[in-house]
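Peer 1: So that you have it, the file is protein26.cif, and it contains mmCIF, C-alpha atoms:
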```
data_structure
loop_
_atom_site.label_atom_id
_atom_site.label_comp_id
_atom_site.auth_asym_id
_atom_site.auth_seq_id
_atom_site.Cartn_x
_atom_site.Cartn_y
_atom_site.Cartn_z
CA MET A 9 97.30 -16.87 51.93
CA LYS A 10 97.04 -13.17 52.68
CA THR A 11 94.94 -12.31 55.70
CA ILE A 12 92.54 -9.44 55.23
CA SER A 13 91.61 -6.55 57.54
CA CYS A 14 88.07 -5.75 58.66
CA LYS A 15 87.97 -2.84 56.23
CA GLU A 16 88.86 -5.18 53.38
CA ALA A 17 86.38 -7.76 54.65
CA VAL A 18 83.59 -5.16 54.41
CA HIS A 19 84.72 -4.39 50.90
CA PHE A 20 84.64 -8.09 50.03
CA ILE A 21 81.16 -8.51 51.53
CA LEU A 22 79.84 -5.71 49.33
CA ARG A 23 81.53 -7.06 46.22
CA GLN A 24 80.20 -10.51 46.99
CA GLU A 25 76.65 -9.15 46.62
CA GLU A 26 77.41 -8.74 42.95
CA GLY A 27 79.18 -12.06 42.68
CA LYS A 28 82.44 -10.26 42.04
CA LEU A 29 84.77 -12.24 44.32
CA SER A 30 87.42 -14.63 43.05
CA LEU A 31 87.72 -18.03 44.69
CA LEU A 32 90.78 -16.92 46.66
CA GLU A 33 88.98 -13.80 47.86
CA ARG A 34 85.99 -15.87 48.93
CA ILE A 35 88.25 -18.11 50.98
CA SER A 36 89.98 -15.10 52.55
CA LEU A 37 86.62 -13.64 53.49
CA TRP A 38 85.35 -16.92 54.85
CA ARG A 39 88.48 -17.29 57.00
CA HIS A 40 88.16 -13.74 58.26
CA LEU A 41 84.50 -14.17 59.19
CA ALA A 42 85.33 -17.41 61.02
CA ILE A 43 87.47 -15.52 63.52
CA CYS A 44 86.05 -11.98 63.49
CA SER A 45 82.81 -11.53 65.41
CA LEU A 46 82.56 -7.82 64.51
CA CYS A 47 82.58 -8.47 60.79
CA LYS A 48 80.14 -11.32 61.29
CA ILE A 49 77.79 -8.81 62.92
CA PHE A 50 78.36 -6.39 60.05
CA SER A 51 77.58 -9.14 57.57
CA SER A 52 74.24 -9.93 59.21
CA GLN A 53 73.35 -6.24 59.62
CA ASN A 54 74.12 -5.81 55.94
CA LYS A 55 71.70 -8.62 55.09
CA GLU A 56 69.01 -7.06 57.30
CA ILE A 57 69.49 -3.68 55.62
CA ASN A 58 69.33 -5.19 52.13
CA ALA A 59 66.16 -7.09 53.00
CA ALA A 60 64.56 -3.89 54.32
CA LEU A 61 65.62 -1.99 51.20
CA LYS A 62 63.84 -4.62 49.10
CA ILE A 63 60.63 -4.07 51.06
CA ARG A 64 61.04 -0.30 50.88
CA LYS A 65 61.34 -0.55 47.11
CA LYS A 66 57.77 -1.83 46.85
CA LYS A 67 56.28 0.97 48.93
CA GLN A 68 53.53 2.91 47.16
CA TYR A 69 52.83 6.59 47.50
CA ALA A 70 49.91 8.49 46.05
CA LEU A 71 49.26 12.01 44.84
CA THR A 72 45.93 13.55 45.79
CA HIS A 73 43.33 14.00 43.09
CA GLU A 74 43.85 17.78 43.29
CA GLU A 75 47.58 17.39 42.69
CA LYS A 76 46.91 15.30 39.61
CA GLU A 77 44.42 17.83 38.30
CA ARG A 78 46.97 20.56 38.88
CA ILE A 79 49.56 18.69 36.79
CA ILE A 80 47.05 18.34 33.97
CA GLN A 81 46.01 22.00 34.15
CA THR A 82 49.56 23.36 34.32
CA ILE A 83 50.66 21.37 31.29
CA LEU A 84 47.60 21.81 29.10
CA ASP A 85 47.20 25.52 29.85
CA ASP A 86 50.84 26.11 29.02
CA ARG A 87 50.23 24.96 25.44
CA PRO A 88 50.89 27.80 23.00
CA GLU A 89 47.79 28.65 20.95
CA HIS A 90 48.04 27.96 17.25
CA MET B 11 41.27 19.66 14.08
CA GLU B 12 39.73 20.88 17.33
CA GLN B 13 38.36 17.42 17.87
CA ALA B 14 41.77 15.78 17.36
CA ILE B 15 43.23 18.06 20.00
CA SER B 16 40.55 17.26 22.50
CA VAL B 17 40.98 13.51 21.91
CA LYS B 18 44.67 13.96 22.53
CA GLN B 19 44.00 15.94 25.70
CA ASP B 20 41.63 13.31 27.02
CA ARG B 21 44.16 10.60 26.36
CA PHE B 22 46.80 12.64 28.15
CA LYS B 23 44.52 13.17 31.16
CA THR B 24 43.98 9.44 31.60
CA TRP B 25 47.74 8.92 31.52
CA VAL B 26 48.21 11.37 34.40
CA LEU B 27 45.38 9.80 36.38
CA ASP B 28 46.56 6.25 35.73
CA TYR B 29 50.33 6.52 36.02
CA SER B 30 51.26 9.53 38.18
CA ASP B 31 51.18 7.56 41.45
CA MET B 32 53.54 4.93 40.06
CA LEU B 33 56.00 7.53 38.83
CA TYR B 34 55.72 9.48 42.07
CA SER B 35 56.40 6.38 44.19
CA TYR B 36 59.37 5.49 42.05
CA ALA B 37 60.94 8.96 42.46
CA ILE B 38 60.46 8.85 46.24
CA VAL B 39 61.95 5.39 46.52
CA LYS B 40 64.91 6.72 44.53
CA GLY B 41 65.60 9.16 47.35
CA PHE B 42 63.84 12.34 46.24
CA ASP B 43 61.72 14.19 48.78
CA HIS B 44 57.99 14.63 48.15
CA ASP B 45 58.26 18.04 46.51
CA ALA B 46 61.17 17.07 44.29
CA ALA B 47 59.32 13.88 43.34
CA LYS B 48 56.23 15.90 42.41
CA ASP B 49 58.35 18.18 40.20
CA LEU B 50 59.88 15.16 38.49
CA VAL B 51 56.45 13.70 37.77
CA GLN B 52 55.27 17.01 36.34
CA ASP B 53 58.42 17.32 34.16
CA THR B 54 57.91 13.78 32.94
CA PHE B 55 54.33 14.47 31.86
CA LEU B 56 55.33 17.75 30.30
CA ALA B 57 57.93 15.95 28.15
CA ALA B 58 55.35 13.28 27.32
CA TRP B 59 52.79 15.91 26.27
CA LYS B 60 55.33 17.65 24.04
CA ASN B 61 56.18 14.36 22.34
CA ILE B 62 52.72 12.87 22.27
CA ASP B 63 52.65 12.85 18.43
CA GLY B 64 55.93 10.96 18.26
CA PHE B 65 54.70 8.32 20.68
CA GLU B 66 51.94 6.75 18.57
CA GLY B 67 51.53 3.76 20.86
CA LYS B 68 54.79 2.14 19.79
CA ALA B 69 55.60 0.93 23.29
CA SER B 70 53.41 0.66 26.36
CA VAL B 71 52.60 4.10 27.77
CA LYS B 72 53.78 3.02 31.17
CA ASN B 73 57.21 1.95 29.92
CA TRP B 74 57.53 5.09 27.86
CA LEU B 75 56.77 7.32 30.87
CA PHE B 76 59.21 5.40 33.03
CA VAL B 77 61.97 5.84 30.43
CA ILE B 78 61.36 9.60 30.47
CA LEU B 79 61.38 9.72 34.27
CA LYS B 80 64.52 7.62 34.53
CA ASN B 81 66.34 9.89 32.10
CA LYS B 82 65.29 12.91 34.12
CA ILE B 83 66.57 11.28 37.31
CA THR B 84 69.89 10.38 35.68
CA ASP B 85 70.21 13.99 34.47
CA GLN B 86 69.73 15.23 38.01
CA TYR B 87 72.26 12.76 39.32
CA ARG B 88 74.82 13.77 36.71
CA LYS B 89 74.32 17.43 37.54
CA THR B 90 74.88 16.64 41.20
CA ILE B 91 78.00 14.64 40.56
CA HIS B 92 79.49 17.54 38.60
CA HIS B 93 78.92 19.86 41.50
CA ILE B 94 80.10 17.58 44.27
CA SER B 95 83.29 15.60 43.97
CA VAL B 96 83.39 12.05 45.22
CA ASP B 97 85.26 11.80 48.51
CA ILE B 98 88.20 9.47 48.01
CA SER B 99 90.32 10.64 50.94
CA GLN B 100 91.91 7.91 52.98
CA HIS B 101 90.47 9.27 56.21
CA ASP B 102 87.89 7.02 57.71
CA ASP B 103 86.08 7.37 61.03
CA TYR B 104 84.95 3.79 61.09
CA PHE B 105 88.26 1.94 60.83
CA ASP B 106 91.64 2.53 62.48
CA GLU B 107 94.90 2.75 60.53
CA THR B 108 95.33 -1.04 60.55
CA GLY B 109 91.91 -1.48 58.94
CA HIS B 110 90.30 -2.81 62.12
CA TRP B 111 86.90 -1.50 63.27
CA ALA B 112 87.46 1.66 65.32
CA LYS B 113 86.46 1.08 68.93
CA PRO B 114 83.65 3.65 69.32
CA VAL B 115 81.81 2.14 66.38
CA PHE B 116 82.19 -1.59 66.98
CA PRO B 117 79.18 -3.25 65.34
CA ARG B 118 76.64 -4.68 67.77
CA ALA B 119 74.07 -7.28 66.83
CA LEU B 120 70.64 -5.71 66.36
CA VAL B 121 68.63 -8.68 67.66
CA LEU B 122 65.79 -8.02 65.29
CA ASP B 123 62.77 -10.28 65.59
CA PRO B 124 61.78 -10.99 61.98
CA GLY B 125 58.34 -12.24 63.07
CA SER B 126 57.37 -9.00 64.77
CA GLU B 127 55.66 -6.48 62.54
CA THR B 128 56.15 -3.63 65.01
CA GLU B 129 59.88 -4.27 65.08
CA GLN B 130 60.04 -4.44 61.32
CA ASN B 131 58.17 -1.14 60.99
CA GLU B 132 60.41 0.47 63.55
CA PHE B 133 63.45 -0.78 61.67
CA ASN B 134 62.12 0.56 58.36
CA ARG B 135 61.39 3.94 59.91
CA ILE B 136 64.95 4.17 61.25
CA LEU B 137 66.35 3.00 57.92
CA GLU B 138 64.46 5.76 56.11
CA GLY B 139 65.77 8.44 58.46
CA CYS B 140 69.32 7.15 58.19
CA CYS B 141 69.17 6.94 54.37
CA ASN B 142 68.23 10.63 54.36
CA LYS B 143 71.46 11.41 56.17
CA LEU B 144 73.63 10.00 53.39
CA THR B 145 75.36 12.50 51.10
CA ARG B 146 73.80 13.09 47.70
CA VAL B 147 76.49 11.14 45.90
CA GLN B 148 76.10 8.24 48.31
CA LYS B 149 72.33 8.31 47.79
CA MET B 150 72.72 8.25 44.04
CA VAL B 151 75.00 5.25 44.04
CA PHE B 152 72.87 3.57 46.66
CA TRP B 153 69.56 3.92 44.86
CA MET B 154 70.94 2.91 41.52
CA LYS B 155 72.26 -0.25 43.10
CA TYR B 156 69.44 -1.13 45.49
CA VAL B 157 66.36 0.25 43.73
CA ASP B 158 67.22 -0.30 40.09
CA ASP B 159 69.55 -3.26 40.65
CA VAL B 160 72.06 -1.67 38.29
CA GLU B 161 75.43 -3.46 38.23
CA SER B 162 78.47 -1.57 39.47
CA ASP B 163 80.04 -1.33 35.98
CA ASP B 164 76.92 0.34 34.62
CA ILE B 165 76.64 2.72 37.57
CA CYS B 166 80.25 3.82 36.99
CA GLY B 167 79.48 4.32 33.31
CA GLN B 168 76.27 6.25 33.85
CA LEU B 169 77.73 8.54 36.48
CA ALA B 170 81.16 8.69 34.83
CA ILE B 171 83.03 7.73 38.01
CA SER B 172 85.87 5.24 38.43
CA ALA B 173 85.35 1.77 39.88
CA ASN B 174 87.50 2.80 42.81
CA ASN B 175 85.31 5.82 43.55
CA TYR B 176 82.24 3.65 43.29
CA TRP B 177 83.39 1.06 45.80
CA THR B 178 84.71 3.68 48.22
CA THR B 179 81.41 5.52 48.04
CA LEU B 180 79.30 2.39 48.49
CA HIS B 181 81.54 1.13 51.28
CA ARG B 182 81.24 4.41 53.23
CA ALA B 183 77.50 4.63 52.63
CA LYS B 184 76.90 1.13 53.98
CA VAL B 185 79.18 1.47 56.98
CA GLN B 186 77.72 4.86 57.86
CA LEU B 187 74.18 3.61 57.38
CA ARG B 188 74.61 0.62 59.65
CA ALA B 189 76.22 2.76 62.37
CA CYS B 190 73.28 5.18 62.18
CA ILE B 191 70.69 2.39 62.27
CA GLU B 192 72.43 0.70 65.15
CA LYS B 193 72.65 3.88 67.20
CA ASN B 194 68.95 4.63 66.74
CA TRP B 195 67.89 1.04 67.20
CA PHE B 196 69.52 0.76 70.61
CA PHE B 197 68.22 4.19 71.56
CA VAL B 198 64.65 3.12 70.74
CA LYS B 199 65.11 -0.15 72.59
CA GLY B 200 66.60 1.71 75.53
CA ILE B 201 69.76 -0.39 75.60
#
```
Would you write out, as structure tokens, the structure that this file holds?
Peer 2:
Amino acid sequence: MKTISCKEAVHFILRQEEGKLSLLERISLWRHLAICSLCKIFSSQNKEINAALKIRKKKQYALTHEEKERIIQTILDDRPEH
Amino acid sequence: MEQAISVKQDRFKTWVLDYSDMLYSYAIVKGFDHDAAKDLVQDTFLAAWKNIDGFEGKASVKNWLFVILKNKITDQYRKTIHHISVDISQHDDYFDETGHWAKPVFPRALVLDPGSETEQNEFNRILEGCCNKLTRVQKMVFWMKYVDDVESDDICGQLAISANNYWTTLHRAKVQLRACIEKNWFFVKGI
């Protein structure tokens, strides 16, 4: 079986997130991670980043009441008179 | 007639009051800065106001507004991608010519304590700063994937880029992001 480089391993890890690895590719990746501590670190960092991105996704921001009023005014005042 | 217009205006006002925060948050999470996000929200409501007669409560207002906003965001992305070409050069700072991690950027374990809220906040703050350093194309691909959970095939279709470009872009974005996070993390921790 073909051995893969770290660069390819990173590529495989990202494709794996989408379930896009063939069985052979999964085995290659698994074998690479078994012997490569750097890629193992990358893999766990990647998981930490993805988890943080999930949290970030739920973050709420708010406009001030004045900003909302301004949106309403700008749009309604812009209306051409009939 | 006058009355119909004022009913319409009142309805529109409640939409802005009820949904602008949601739309605004969504635009920021998708990588737009506060001012750009505000403009997008305004454009969304302007389009909604212009089409208010066509809407007629067919779908939920919220979904309808989100569809408008998402289209506006995709338009902006497409415009960007036309102006900036995707970098597909072979050159890579993070790996040597054999495809091994380049020595100056060997990954180091972050030793993040998942139970500590302070650490988690610190990590999120660093993540935000590092995400801002990504190129616009990288951001686009990144947010479509990680905010909207769009599959790679659809991202390629929507942005009209090849699968190869997509994976190269995502790969670089992730590797660059982790290097940035790591650097800042160890700086903060004083290691």
Peer 1: Give me the residues within 10 Å of Leu56 (chain B) as a list in words, counting all atoms listed in the file and dropping any in the same chain fewer than 4 places off.
Peer 2: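 Here the answer would be Ile79, Ile80, Thr82, Ile83, Leu84 and Asp86 of chain A; Leu50, Val51, Gln52, Lys60, Asn61 and Ile62 of chain B.
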Peer 1: Could you write out the selected residues, including C-alpha atoms, as a PDB file, in the frame of the given file?
Peer 2:
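Wrote it out as result-v7.pdb, contents follow:
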```
ATOM      1  CA  ILE A  79      49.560  18.690  36.790  1.00  0.00           C
ATOM      2  CA  ILE A  80      47.050  18.340  33.970  1.00  0.00           C
ATOM      3  CA  THR A  82      49.560  23.360  34.320  1.00  0.00           C
ATOM      4  CA  ILE A  83      50.660  21.370  31.290  1.00  0.00           C
ATOM      5  CA  LEU A  84      47.600  21.810  29.100  1.00  0.00           C
ATOM      6  CA  ASP A  86      50.840  26.110  29.020  1.00  0.00           C
TER       7      ASP A  86
ATOM      8  CA  LEU B  50      59.880  15.160  38.490  1.00  0.00           C
ATOM      9  CA  VAL B  51      56.450  13.700  37.770  1.00  0.00           C
ATOM     10  CA  GLN B  52      55.270  17.010  36.340  1.00  0.00           C
ATOM     11  CA  LYS B  60      55.330  17.650  24.040  1.00  0.00           C
ATOM     12  CA  ASN B  61      56.180  14.360  22.340  1.00  0.00           C
ATOM     13  CA  ILE B  62      52.720  12.870  22.270  1.00  0.00           C
TER      14      ILE B  62
END
```
Peer 1: Specify as a PyMOL selection string all residues of chain A found within 7 Å of chain B, counting all atoms listed in the file.
Peer 2: chain A and resi 13-15+19+46+49-50+53+60-61+65+68-71+76+79-80+83
Peer 1: Please, what distance in Å, to one decimal, runs between CA of Val151 (chain B) and CA of Arg23 (chain A)?
Peer 2: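 Spanning CA of Val151 (chain B) to CA of Arg23 (chain A) is a straight-line distance of 14.1 Å.
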Peer 1: Using CA of Met150 (chain B) and CA of Leu169 (chain B) as the two end points, give the distance in Å to one decimal.
Peer 2: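 Between these atoms lies a distance of 9.1 Å.
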Peer 1: Find the smallest box with edges along x, y and z containing every listed atom of region 52-65 of chain A, then add 8 Å on each side and report centre and edge lengths in Å to one decimal, as lines of an AutoDock Vina configuration file.
Peer 2:
```
center_x = 67.4
center_y = -5.1
center_z = 53.4
size_x = 29.6
size_y = 25.6
size_z = 28.5
```
Peer 1: Would you work out the distance separating CA of Ser16 (chain B) from CA of Trp74 (chain B), expressed in Å to one decimal?
Peer 2: 21.6 Å
Peer 1: I need the output of the PyMOL selection byres ((chain A and resi 40) around 12) for this file as a list in words; which residues are they?
Peer 2: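 Matching residues under the PyMOL selection byres ((chain A and resi 40) around 12) are Met9, Lys10, Thr11, Ile12, Ser13, Cys14, Lys15, Glu16, Ala17, Val18, Phe20, Ile21, Glu33, Arg34, Ile35, Ser36, Leu37, Trp38, Arg39, Leu41, Ala42, Ile43, Cys44, Ser45, Leu46, Cys47, Lys48 and Ser51 of chain A; His110 of chain B.
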Peer 1: A:Gln81, A:Ser52, A:Ile63, A:Ile57: which is nearest Ala183 (chain B), counting all atoms listed in the file?
Peer 2: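 Among the listed residues, the smallest separation from Ala183 (chain B) belongs to A:Ile57.
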Peer 1: Mind completing region 61-73 of chain A with N, CA, C and O atoms? Output as a PDB file, in the frame of the given file, please?
Peer 2:
```
ATOM      1  N   LEU A  61      65.613  -2.830  52.401  1.00  0.00           N
ATOM      2  CA  LEU A  61      65.620  -1.990  51.200  1.00  0.00           C
ATOM      3  C   LEU A  61      64.733  -2.601  50.113  1.00  0.00           C
ATOM      4  O   LEU A  61      64.082  -1.894  49.361  1.00  0.00           O
ATOM      5  N   LYS A  62      64.702  -3.930  50.075  1.00  0.00           N
ATOM      6  CA  LYS A  62      63.840  -4.620  49.100  1.00  0.00           C
ATOM      7  C   LYS A  62      62.381  -4.333  49.378  1.00  0.00           C
ATOM      8  O   LYS A  62      61.584  -4.122  48.462  1.00  0.00           O
ATOM      9  N   ILE A  63      62.018  -4.353  50.673  1.00  0.00           N
ATOM     10  CA  ILE A  63      60.630  -4.070  51.060  1.00  0.00           C
ATOM     11  C   ILE A  63      60.292  -2.613  50.740  1.00  0.00           C
ATOM     12  O   ILE A  63      59.248  -2.299  50.200  1.00  0.00           O
ATOM     13  N   ARG A  64      61.232  -1.735  51.081  1.00  0.00           N
ATOM     14  CA  ARG A  64      61.040  -0.300  50.880  1.00  0.00           C
ATOM     15  C   ARG A  64      60.774   0.034  49.418  1.00  0.00           C
ATOM     16  O   ARG A  64      59.988   0.908  49.086  1.00  0.00           O
ATOM     17  N   LYS A  65      61.450  -0.733  48.545  1.00  0.00           N
ATOM     18  CA  LYS A  65      61.340  -0.550  47.110  1.00  0.00           C
ATOM     19  C   LYS A  65      59.902  -0.696  46.612  1.00  0.00           C
ATOM     20  O   LYS A  65      59.503  -0.088  45.635  1.00  0.00           O
ATOM     21  N   LYS A  66      59.135  -1.541  47.315  1.00  0.00           N
ATOM     22  CA  LYS A  66      57.770  -1.830  46.850  1.00  0.00           C
ATOM     23  C   LYS A  66      56.741  -0.862  47.422  1.00  0.00           C
ATOM     24  O   LYS A  66      55.558  -0.947  47.138  1.00  0.00           O
ATOM     25  N   LYS A  67      57.201   0.045  48.269  1.00  0.00           N
ATOM     26  CA  LYS A  67      56.280   0.970  48.930  1.00  0.00           C
ATOM     27  C   LYS A  67      55.605   1.891  47.908  1.00  0.00           C
ATOM     28  O   LYS A  67      56.245   2.392  46.999  1.00  0.00           O
ATOM     29  N   GLN A  68      54.289   2.065  48.089  1.00  0.00           N
ATOM     30  CA  GLN A  68      53.530   2.910  47.160  1.00  0.00           C
ATOM     31  C   GLN A  68      53.148   4.229  47.806  1.00  0.00           C
ATOM     32  O   GLN A  68      52.770   4.263  48.968  1.00  0.00           O
ATOM     33  N   TYR A  69      53.263   5.275  47.043  1.00  0.00           N
ATOM     34  CA  TYR A  69      52.830   6.590  47.500  1.00  0.00           C
ATOM     35  C   TYR A  69      51.790   7.096  46.504  1.00  0.00           C
ATOM     36  O   TYR A  69      51.785   6.689  45.348  1.00  0.00           O
ATOM     37  N   ALA A  70      50.933   7.988  46.964  1.00  0.00           N
ATOM     38  CA  ALA A  70      49.910   8.490  46.050  1.00  0.00           C
ATOM     39  C   ALA A  70      49.824  10.005  46.084  1.00  0.00           C
ATOM     40  O   ALA A  70      50.011  10.625  47.135  1.00  0.00           O
ATOM     41  N   LEU A  71      49.569  10.581  44.923  1.00  0.00           N
ATOM     42  CA  LEU A  71      49.260  12.010  44.840  1.00  0.00           C
ATOM     43  C   LEU A  71      47.774  12.172  45.101  1.00  0.00           C
ATOM     44  O   LEU A  71      46.988  11.266  44.808  1.00  0.00           O
ATOM     45  N   THR A  72      47.367  13.321  45.612  1.00  0.00           N
ATOM     46  CA  THR A  72      45.930  13.550  45.790  1.00  0.00           C
ATOM     47  C   THR A  72      45.322  13.850  44.417  1.00  0.00           C
ATOM     48  O   THR A  72      46.040  14.158  43.461  1.00  0.00           O
ATOM     49  N   HIS A  73      44.004  13.731  44.353  1.00  0.00           N
ATOM     50  CA  HIS A  73      43.330  14.000  43.090  1.00  0.00           C
ATOM     51  C   HIS A  73      43.583  15.440  42.639  1.00  0.00           C
ATOM     52  O   HIS A  73      43.782  15.703  41.455  1.00  0.00           O
TER      53      HIS A  73
END
```
